[in-house]
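Undergrad: This is the content of run_29.pdb (PDB, C-alpha atoms (C1' of nucleotides)):
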MODEL        1
ATOM      1  CA  MET A  10      32.250   7.451   4.644
ATOM      2  CA  THR A  11      34.568   9.907   2.912
ATOM      3  CA  GLU A  12      35.628  13.322   4.096
ATOM      4  CA  ARG A  13      33.816  14.771   1.140
ATOM      5  CA  HIS A  14      30.501  13.577   2.515
ATOM      6  CA  ASP A  15      31.293  14.158   6.140
ATOM      7  CA  PRO A  16      33.135  17.442   6.523
ATOM      8  CA  THR A  17      34.213  18.602   9.928
ATOM      9  CA  PRO A  18      31.938  21.146  11.589
ATOM     10  CA  SER A  19      34.460  23.931  11.065
ATOM     11  CA  THR A  20      34.686  23.099   7.384
ATOM     12  CA  ALA A  21      30.914  23.106   7.178
ATOM     13  CA  ARG A  22      30.654  26.520   8.807
ATOM     14  CA  ALA A  23      33.211  27.927   6.432
ATOM     15  CA  LEU A  24      31.243  26.495   3.523
ATOM     16  CA  LEU A  25      28.069  28.039   4.808
ATOM     17  CA  ARG A  26      29.623  31.485   5.171
ATOM     18  CA  ASP A  27      30.997  31.307   1.675
ATOM     19  CA  LEU A  28      27.844  30.030   0.090
ATOM     20  CA  HIS A  29      25.066  32.084   1.545
ATOM     21  CA  GLY A  30      26.593  34.698   3.767
ATOM     22  CA  ALA A  31      25.287  32.578   6.588
ATOM     23  CA  SER A  32      27.319  34.264   9.269
ATOM     24  CA  ARG A  33      24.571  36.852   9.514
ATOM     25  CA  GLN A  34      21.820  34.250   9.580
ATOM     26  CA  GLU A  35      23.651  32.108  12.124
ATOM     27  CA  ARG A  36      22.874  34.648  14.782
ATOM     28  CA  ALA A  37      19.261  35.222  13.798
ATOM     29  CA  PRO A  38      16.917  33.195  15.989
ATOM     30  CA  GLY A  39      15.042  30.714  13.826
ATOM     31  CA  GLY A  40      17.304  31.709  10.946
ATOM     32  CA  LEU A  41      17.997  29.822   7.785
ATOM     33  CA  LEU A  42      21.012  27.825   8.874
ATOM     34  CA  PRO A  43      19.280  24.443   9.103
ATOM     35  CA  THR A  44      17.860  24.954   5.614
ATOM     36  CA  VAL A  45      21.336  25.508   4.276
ATOM     37  CA  LEU A  46      22.547  22.415   6.104
ATOM     38  CA  VAL A  47      19.964  20.385   4.231
ATOM     39  CA  GLU A  48      20.885  21.962   0.914
ATOM     40  CA  LEU A  49      24.465  20.963   1.541
ATOM     41  CA  GLY A  50      23.417  17.439   2.405
ATOM     42  CA  LEU A  51      24.924  17.665   5.889
ATOM     43  CA  ALA A  52      21.652  16.822   7.598
ATOM     44  CA  ASP A  53      17.990  16.331   6.833
ATOM     45  CA  GLY A  54      15.435  18.856   8.005
ATOM     46  CA  TYR A  55      11.840  18.765   9.191
ATOM     47  CA  PHE A  56       9.088  21.307   9.600
ATOM     48  CA  PRO A  57       5.484  21.411  10.815
ATOM     49  CA  PHE A  58       2.583  21.251   8.416
ATOM     50  CA  THR A  59      -1.172  21.225   8.966
ATOM     51  CA  SER A  60      -3.255  18.690   7.046
ATOM     52  CA  VAL A  61      -6.769  17.282   6.997
ATOM     53  CA  LEU A  62      -5.487  14.754   9.540
ATOM     54  CA  GLY A  63      -4.202  17.536  11.770
ATOM     55  CA  PRO A  64      -0.615  18.517  12.483
ATOM     56  CA  LEU A  65       2.199  16.711  10.721
ATOM     57  CA  LEU A  66       5.959  16.841  10.733
ATOM     58  CA  ILE A  67       7.481  16.570   7.270
ATOM     59  CA  ALA A  68      11.128  15.714   6.651
ATOM     60  CA  TYR A  69      13.264  16.091   3.575
ATOM     61  CA  SER A  70      16.791  15.574   2.377
ATOM     62  CA  ARG A  71      18.714  17.244  -0.399
ATOM     63  CA  VAL A  72      17.244  14.595  -2.695
ATOM     64  CA  GLY A  73      13.609  15.059  -1.766
ATOM     65  CA  LEU A  74      10.894  14.424   0.796
ATOM     66  CA  THR A  75      11.773  11.555   3.117
ATOM     67  CA  ALA A  76       9.086  11.237   5.772
ATOM     68  CA  VAL A  77       5.705  12.356   7.046
ATOM     69  CA  TRP A  78       5.076  11.958  10.761
ATOM     70  CA  ARG A  79       1.639  12.165  12.325
ATOM     71  CA  GLY A  80       1.551  14.467  15.331
ATOM     72  CA  THR A  81       3.700  17.133  16.896
ATOM     73  CA  ASP A  82       6.095  15.219  19.120
ATOM     74  CA  PRO A  83       9.504  15.899  17.615
ATOM     75  CA  GLU A  84      11.392  13.689  20.074
ATOM     76  CA  ALA A  85       9.822  10.465  18.866
ATOM     77  CA  PHE A  86      10.025  11.527  15.255
ATOM     78  CA  VAL A  87      13.697  12.460  15.327
ATOM     79  CA  ALA A  88      14.596   9.277  17.183
ATOM     80  CA  ALA A  89      12.686   7.040  14.793
ATOM     81  CA  TYR A  90      13.973   8.909  11.782
ATOM     82  CA  GLU A  91      17.637   8.872  12.721
ATOM     83  CA  GLN A  92      17.341   5.206  13.648
ATOM     84  CA  ARG A  93      15.756   4.286  10.342
ATOM     85  CA  ARG A  94      17.709   6.468   7.942
ATOM     86  CA  GLY A  95      20.937   6.832   9.848
ATOM     87  CA  ARG A  96      21.053  10.561   9.228
ATOM     88  CA  SER A  97      20.828  13.505  11.539
ATOM     89  CA  LEU A  98      17.515  15.361  11.448
ATOM     90  CA  ARG A  99      17.249  19.064  12.296
ATOM     91  CA  ALA A 100      14.216  21.156  13.125
ATOM     92  CA  LEU A 101      13.260  24.002  10.814
ATOM     93  CA  PRO A 102      10.892  26.724  11.967
ATOM     94  CA  ALA A 103       8.976  26.376   8.729
ATOM     95  CA  ALA A 104       9.206  24.792   5.327
ATOM     96  CA  PRO A 105      11.201  26.516   2.620
ATOM     97  CA  PRO A 106       8.508  28.626   0.921
ATOM     98  CA  GLU A 107       8.667  26.887  -2.475
ATOM     99  CA  LEU A 108       8.433  23.483  -0.835
ATOM    100  CA  ASP A 109       5.539  24.570   1.356
ATOM    101  CA  ALA A 110       3.702  25.873  -1.690
ATOM    102  CA  ALA A 111       4.380  22.736  -3.718
ATOM    103  CA  ILE A 112       3.082  20.496  -0.940
ATOM    104  CA  ALA A 113      -0.056  22.586  -0.560
ATOM    105  CA  ARG A 114      -0.679  22.480  -4.293
ATOM    106  CA  ARG A 115      -0.175  18.751  -4.468
ATOM    107  CA  LEU A 116      -2.573  18.171  -1.583
ATOM    108  CA  ARG A 117      -5.186  20.225  -3.414
ATOM    109  CA  GLY A 118      -4.756  17.944  -6.402
ATOM    110  CA  GLU A 119      -3.005  20.540  -8.526
ATOM    111  CA  ARG A 120       0.166  19.990 -10.468
ATOM    112  CA  ALA A 121       3.334  20.552  -8.487
ATOM    113  CA  THR A 122       6.850  19.246  -8.698
ATOM    114  CA  LEU A 123       7.573  17.246  -5.569
ATOM    115  CA  ARG A 124      10.678  15.130  -5.352
ATOM    116  CA  PHE A 125      10.720  12.083  -3.087
ATOM    117  CA  ASP A 126      13.798  10.520  -1.551
ATOM    118  CA  LEU A 127      13.048   6.793  -1.498
ATOM    119  CA  GLY A 128      16.601   5.770  -0.764
ATOM    120  CA  GLY A 129      16.917   2.772   1.507
ATOM    121  CA  LEU A 130      13.803   1.101   0.137
ATOM    122  CA  SER A 131      13.767  -2.038  -1.998
ATOM    123  CA  ASP A 132      13.107  -1.876  -5.741
ATOM    124  CA  PHE A 133       9.716  -3.434  -5.123
ATOM    125  CA  GLU A 134       8.785  -0.876  -2.478
ATOM    126  CA  ARG A 135       9.932   1.987  -4.676
ATOM    127  CA  ALA A 136       7.969   0.703  -7.658
ATOM    128  CA  THR A 137       4.872   0.331  -5.484
ATOM    129  CA  LEU A 138       5.098   3.831  -4.017
ATOM    130  CA  GLU A 139       5.933   5.493  -7.332
ATOM    131  CA  LYS A 140       2.930   3.827  -8.924
ATOM    132  CA  ALA A 141       0.732   5.112  -6.104
ATOM    133  CA  THR A 142       1.741   8.690  -6.920
ATOM    134  CA  GLU A 143       0.133   8.278 -10.344
ATOM    135  CA  ILE A 144      -3.366   7.974  -8.892
ATOM    136  CA  PRO A 145      -5.104  11.361  -9.173
ATOM    137  CA  ARG A 146      -6.805  13.039  -6.232
ATOM    138  CA  GLY A 147     -10.409  11.904  -5.985
ATOM    139  CA  GLU A 148      -9.733   8.540  -7.635
ATOM    140  CA  LEU A 149      -9.148   5.029  -6.293
ATOM    141  CA  ARG A 150      -7.355   1.921  -7.517
ATOM    142  CA  PRO A 151      -7.265  -1.634  -6.137
ATOM    143  CA  TYR A 152      -4.166  -3.174  -4.579
ATOM    144  CA  ALA A 153      -4.230  -5.698  -7.424
ATOM    145  CA  TRP A 154      -4.033  -2.819  -9.918
ATOM    146  CA  ILE A 155      -0.749  -1.620  -8.433
ATOM    147  CA  ALA A 156       0.601  -5.164  -8.553
ATOM    148  CA  ARG A 157      -0.291  -5.591 -12.209
ATOM    149  CA  GLU A 158       0.943  -2.144 -13.223
ATOM    150  CA  ILE A 159       4.398  -2.755 -11.760
ATOM    151  CA  GLY A 160       4.598  -6.139 -13.456
ATOM    152  CA  ARG A 161       4.055  -8.251 -10.327
ATOM    153  CA  SER A 162       0.479  -9.452 -10.690
ATOM    154  CA  GLY A 163       0.956 -12.133  -8.072
ATOM    155  CA  ALA A 164       2.366  -9.812  -5.448
ATOM    156  CA  VAL A 165      -0.919  -8.243  -4.385
ATOM    157  CA  ARG A 166      -0.410  -8.952  -0.737
ATOM    158  CA  ALA A 167       3.169  -7.756  -0.833
ATOM    159  CA  VAL A 168       1.900  -4.491  -2.322
ATOM    160  CA  GLY A 169      -0.265  -4.064   0.752
ATOM    161  CA  SER A 170       2.742  -4.666   2.960
ATOM    162  CA  ALA A 171       4.830  -2.134   1.031
ATOM    163  CA  LEU A 172       2.098   0.499   1.241
ATOM    164  CA  GLY A 173       1.854  -0.216   4.952
ATOM    165  CA  ARG A 174       5.473   0.875   5.226
ATOM    166  CA  ASN A 175       4.982   4.045   3.153
ATOM    167  CA  PRO A 176       7.333   6.520   4.869
ATOM    168  CA  ILE A 177       5.587   9.503   3.239
ATOM    169  CA  PRO A 178       1.842   8.971   3.703
ATOM    170  CA  LEU A 179      -0.580  11.590   2.323
ATOM    171  CA  LEU A 180       2.030  12.988  -0.067
ATOM    172  CA  ILE A 181       2.539   9.544  -1.543
ATOM    173  CA  PRO A 182      -1.189   8.827  -1.678
ATOM    174  CA  CYS A 183      -1.314   5.243  -0.453
ATOM    175  CA  HIS A 184      -4.794   6.067   0.900
ATOM    176  CA  ARG A 185      -6.101   5.930  -2.692
ATOM    177  CA  ILE A 186      -5.508   2.188  -2.910
ATOM    178  CA  VAL A 187      -8.500   0.104  -1.827
ATOM    179  CA  ARG A 188      -9.622  -3.501  -1.903
ATOM    180  CA  SER A 189     -10.945  -5.042  -5.090
ATOM    181  CA  ASP A 190     -14.275  -5.874  -3.463
ATOM    182  CA  GLY A 191     -14.918  -2.181  -2.801
ATOM    183  CA  ARG A 192     -14.017  -2.103   0.865
ATOM    184  CA  VAL A 193     -11.665   0.684   1.842
ATOM    185  CA  GLY A 194      -9.042  -1.560   3.395
ATOM    186  CA  ASP A 195      -6.390  -0.798   5.978
ATOM    187  CA  TYR A 196      -4.156   2.235   6.338
ATOM    188  CA  VAL A 197      -1.011   3.390   8.123
ATOM    189  CA  PHE A 198      -3.128   5.598  10.398
ATOM    190  CA  GLY A 199      -6.151   3.281  10.462
ATOM    191  CA  THR A 200      -9.203   2.845   8.236
ATOM    192  CA  ALA A 201     -11.115   5.741   9.807
ATOM    193  CA  ASP A 202      -8.416   8.221   8.836
ATOM    194  CA  LYS A 203      -8.212   6.726   5.365
ATOM    195  CA  GLU A 204     -11.919   7.485   4.957
ATOM    196  CA  THR A 205     -11.440  10.987   6.312
ATOM    197  CA  VAL A 206      -8.750  11.763   3.762
ATOM    198  CA  LEU A 207     -10.681  10.228   0.881
ATOM    199  CA  ARG A 208     -13.856  12.148   1.705
ATOM    200  CA  ALA A 209     -11.803  15.317   1.904
ATOM    201  CA  GLU A 210     -10.549  14.514  -1.573
ATOM    202  CA  GLY A 211     -14.102  14.282  -2.822
ATOM    203  CA  VAL A 212     -14.499  10.512  -3.050
ATOM    204  CA  ALA A 213     -18.155   9.474  -2.674
ATOM    205  CA  LEU A 214     -17.480   6.630  -0.273
ATOM    206  CA  ASP A 215     -21.117   6.096   0.652
ATOM    207  CA  ALA A 216     -22.219   5.687  -2.946
ATOM    208  CA  LEU A 217     -19.292   3.371  -3.582
ATOM    209  CA  ALA A 218     -20.220   1.249  -0.581
ATOM    210  CA  VAL A 219     -23.727   0.831  -1.977
ATOM    211  CA  GLU A 220     -22.296  -0.281  -5.291
ATOM    212  CA  ALA A 221     -19.842  -2.609  -3.595
ATOM    213  CA  ARG A 222     -22.703  -4.460  -1.926
ATOM    214  CA  ALA A 223     -24.386  -4.732  -5.317
ATOM    215  CA  ARG A 224     -21.196  -6.220  -6.754
ATOM    216  CA  ILE A 225     -20.710  -3.300  -9.112
ATOM    217  CA  ARG A 226     -17.018  -2.914  -9.905
ATOM    218  CA  TYR A 227     -16.950  -1.000 -13.194
ATOM    219  CA  HIS A 228     -18.794   1.820 -14.905
ATOM    220  CA  ALA A 229     -19.125   1.944 -18.669
ATOM    221  CA  SER A 230     -20.692   4.100 -21.337
ATOM    222  CA  ASP A 231     -22.819   2.505 -24.034
ATOM    223  CA  THR A 232     -21.895   5.361 -26.359
ATOM    224  CA  THR A 233     -18.147   4.833 -26.171
ATOM    225  CA  GLY A 234     -18.012   1.124 -25.369
ATOM    226  CA  ILE A 235     -15.373   1.818 -22.710
ATOM    227  CA  TYR A 236     -15.390   0.682 -19.078
ATOM    228  CA  CYS A 237     -13.616   2.324 -16.138
ATOM    229  CA  PHE A 238     -13.107   2.153 -12.427
ATOM    230  CA  PRO A 239     -16.090   4.084 -10.997
ATOM    231  CA  THR A 240     -13.872   6.882  -9.672
ATOM    232  CA  CYS A 241     -12.069   7.460 -12.983
ATOM    233  CA  HIS A 242     -12.595  11.040 -14.106
ATOM    234  CA  HIS A 243     -13.910   9.740 -17.402
ATOM    235  CA  ALA A 244     -16.412   7.450 -15.702
ATOM    236  CA  ARG A 245     -17.772  10.342 -13.665
ATOM    237  CA  ARG A 246     -18.808  12.137 -16.839
ATOM    238  CA  ILE A 247     -21.049   9.322 -18.040
ATOM    239  CA  THR A 248     -24.641  10.529 -17.981
ATOM    240  CA  ALA A 249     -27.268   8.357 -16.326
ATOM    241  CA  PRO A 250     -29.039   7.203 -19.516
ATOM    242  CA  HIS A 251     -25.780   5.823 -20.892
ATOM    243  CA  LEU A 252     -24.311   4.327 -17.735
ATOM    244  CA  VAL A 253     -23.784   0.569 -17.779
ATOM    245  CA  THR A 254     -22.276  -1.307 -14.841
ATOM    246  CA  PHE A 255     -20.358  -4.561 -14.635
ATOM    247  CA  PRO A 256     -19.342  -6.922 -11.818
ATOM    248  CA  SER A 257     -16.071  -7.968 -13.483
ATOM    249  CA  ASP A 258     -13.813  -7.002 -16.337
ATOM    250  CA  ALA A 259     -14.562 -10.373 -17.917
ATOM    251  CA  ALA A 260     -18.232  -9.452 -18.041
ATOM    252  CA  ALA A 261     -17.455  -6.031 -19.482
ATOM    253  CA  GLN A 262     -15.258  -7.438 -22.213
ATOM    254  CA  ALA A 263     -17.730 -10.218 -22.960
ATOM    255  CA  ALA A 264     -20.279  -7.472 -23.558
ATOM    256  CA  GLY A 265     -17.948  -5.892 -26.094
ATOM    257  CA  TYR A 266     -16.499  -3.125 -23.913
ATOM    258  CA  ARG A 267     -12.807  -2.295 -23.764
ATOM    259  CA  PRO A 268     -10.828  -1.009 -20.780
ATOM    260  CA  CYS A 269     -10.285   2.742 -20.389
ATOM    261  CA  LYS A 270      -6.799   3.851 -21.392
ATOM    262  CA  SER A 271      -6.697   6.334 -18.545
ATOM    263  CA  CYS A 272      -7.605   4.235 -15.493
ATOM    264  CA  ARG A 273      -6.592   0.904 -17.102
ATOM    265  CA  PRO A 274      -8.989  -1.431 -15.238
ATOM    266  CA  ALA A 275      -7.535  -4.368 -17.192
ATOM    267  CA  ILE A 276      -5.256  -5.282 -20.033
ATOM    268  CA  ALA A 277      -7.005  -4.786 -23.357
ATOM    269  CA  SER A 278      -7.596  -8.137 -24.968
TER     270      SER A 278
ATOM    271  C1'  DC B   2     -24.409 -11.711  -0.145
ATOM    272  C1'  DG B   3     -21.520 -12.137   3.905
ATOM    273  C1'  DC B   4     -17.904 -14.885   5.613
ATOM    274  C1'  DA B   5     -14.149 -18.261   5.851
ATOM    275  C1'  DT B   6     -10.196 -20.312   3.619
ATOM    276  C1'  DG B   7      -6.093 -21.339   1.015
ATOM    277  C1'  DG B   8      -2.831 -19.105  -1.857
ATOM    278  C1'  DC B   9       0.654 -15.657  -3.101
ATOM    279  C1'  DC B  10       4.932 -12.657  -2.767
ATOM    280  C1'  DC B  11       8.029  -9.849  -0.183
ATOM    281  C1'  DT B  12      10.383  -8.517   4.055
ATOM    282  C1'  DT B  13      12.315  -9.339   8.498
ATOM    283  C1'  DA B  14      13.669 -11.597  12.713
TER     284       DA B  14
ATOM    285  C1'  DT C  18      18.968 -19.798   6.097
ATOM    286  C1'  DT C  19      14.231 -20.222   6.985
ATOM    287  C1'  DA C  20       9.844 -19.389   8.461
ATOM    288  C1'  DA C  21       6.149 -16.380   9.833
ATOM    289  C1'  DG C  22       3.059 -12.964   8.837
ATOM    290  C1'  DG C  23       0.964  -8.873   6.437
ATOM    291  C1'  DG C  24      -3.139  -2.407   4.480
ATOM    292  C1'  DC C  25      -5.015  -8.752  -0.261
ATOM    293  C1'  DC C  26      -7.799 -11.778  -3.643
ATOM    294  C1'  DA C  27     -10.742 -15.391  -5.684
ATOM    295  C1'  DT C  28     -13.482 -18.870  -4.593
ATOM    296  C1'  DG C  29     -16.985 -21.666  -2.356
ATOM    297  C1'  DC C  30     -20.857 -22.170   0.652
TER     298       DC C  30
ENDMDL
END
Would you put the structure from the file into structure tokens?
TA:
Amino acid sequence: MTERHDPTPSTARALLRDLHGASRQERAPGGLLPTVLVELGLADGYFPFTSVLGPLLIAYSRVGLTAVWRGTDPEAFVAAYEQRRGRSLRALPAAPPELDAAIARRLRGERATLRFDLGGLSDFERATLEKATEIPRGELRPYAWIAREIGRSGAVRAVGSALGRNPIPLLIPCHRIVRSDGRVGDYVFGTADKETVLRAEGVALDALAVEARARIRYHASDTTGIYCFPTCHHARRITAPHLVTFPSDAAAQAAGYRPCKSCRPAIAS
DNA sequence: CGCATGGCCCTTA
DNA sequence: TTAAGGGCCATGC
């Protein structure tokens, strides 16, 4: 560790005063000092946030969001966090306003720039989590889809393991990855919470369960000749008279249909 | 059609 | 270094 990355406290305070006139804020209760500490990279910060799963604690570094913790107990969170990341974690009274707004927008399914700090994870874990962020709100993809998309078709099970270690659940939407047979599958916070989040995102889980039992895996349109995952936003626009369903991509392609370029249910042959 | 089983790949102890 | 086990999958009754 170099001095540049680990300045003495007195040096840090001097920096803060110079940068943001923090001497005034230092005295204000619940002031901005911890926020500035994070901006300087001297510590990571966390703040409370309310979600569909109840209260969360969300942490971030200068690079981006680092962790989402379920619950309100800061002791356990800080201990686990500092143990795992080896960095000091400071409480903030609230999120920086832009960050708070961006998180809220993202959770509503709107566009928002959110940076993630996935440092400390393996290349495989990073690839898995980054791919998960591409799945739009309201849509689902199988574990095997993630594996294929990141170029590791055989690593389906390892994808599940990596998602199970997702340090930033909800914001990195690992809940949108389900089993190929239509079952919802497991989740960091348990299957019940996965279903809660997905319903809140507008996923018709009951209808999908009915289809799963009927072995329906894909929806297609006989006017376009394209097949999709049932939750694909294109598939949801298919009108009843033109809806065709398939149990496998082999069956769909044998019938002359090609995979959707948006949800990519298979490689085009 | 529901369930069990072997197989696969990555991480960790 | 190695082996065990995990948010899975395809197959075979």
Undergrad: Which residues would end up in the selection if the PyMOL selection byres ((chain B) within 7 of (chain A)) were applied here, given that I need the answer as an MDAnalysis selection string?
TA: chainID B and resid 9:11
Undergrad: Could you check how far atom CA of Gly199 of chain A sits from atom CA of Phe86 of chain A, in Å to one decimal?
TA: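 Straight-line distance from atom CA of Gly199 of chain A to atom CA of Phe86 of chain A works out to 18.8 Å.
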Undergrad: Which residues, named as in the file, does the PyMOL selection byres ((chain C) within 10 of (chain A)) pick out? Answer as a PDB file with C-alpha atoms (C1' of nucleotides), keeping the file's coordinate frame.
TA:
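Writing done, so here's result-v1.pdb:
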ATOM      1  C1'  DG C  23       0.964  -8.873   6.437  1.00  0.00           C
ATOM      2  C1'  DG C  24      -3.139  -2.407   4.480  1.00  0.00           C
ATOM      3  C1'  DC C  25      -5.015  -8.752  -0.261  1.00  0.00           C
ATOM      4  C1'  DC C  26      -7.799 -11.778  -3.643  1.00  0.00           C
TER       5       DC C  26
END
Undergrad: So how many Å separate atom CA of Val87 of chain A and atom CA of Pro176 of chain A, to one decimal?
TA: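 Interatomic distance here is 13.6 Å.
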Undergrad: Could you state which residues are captured by the PyMOL selection byres ((chain B and resi 5) around 12) in this file, as a count of residues only?
TA: 7
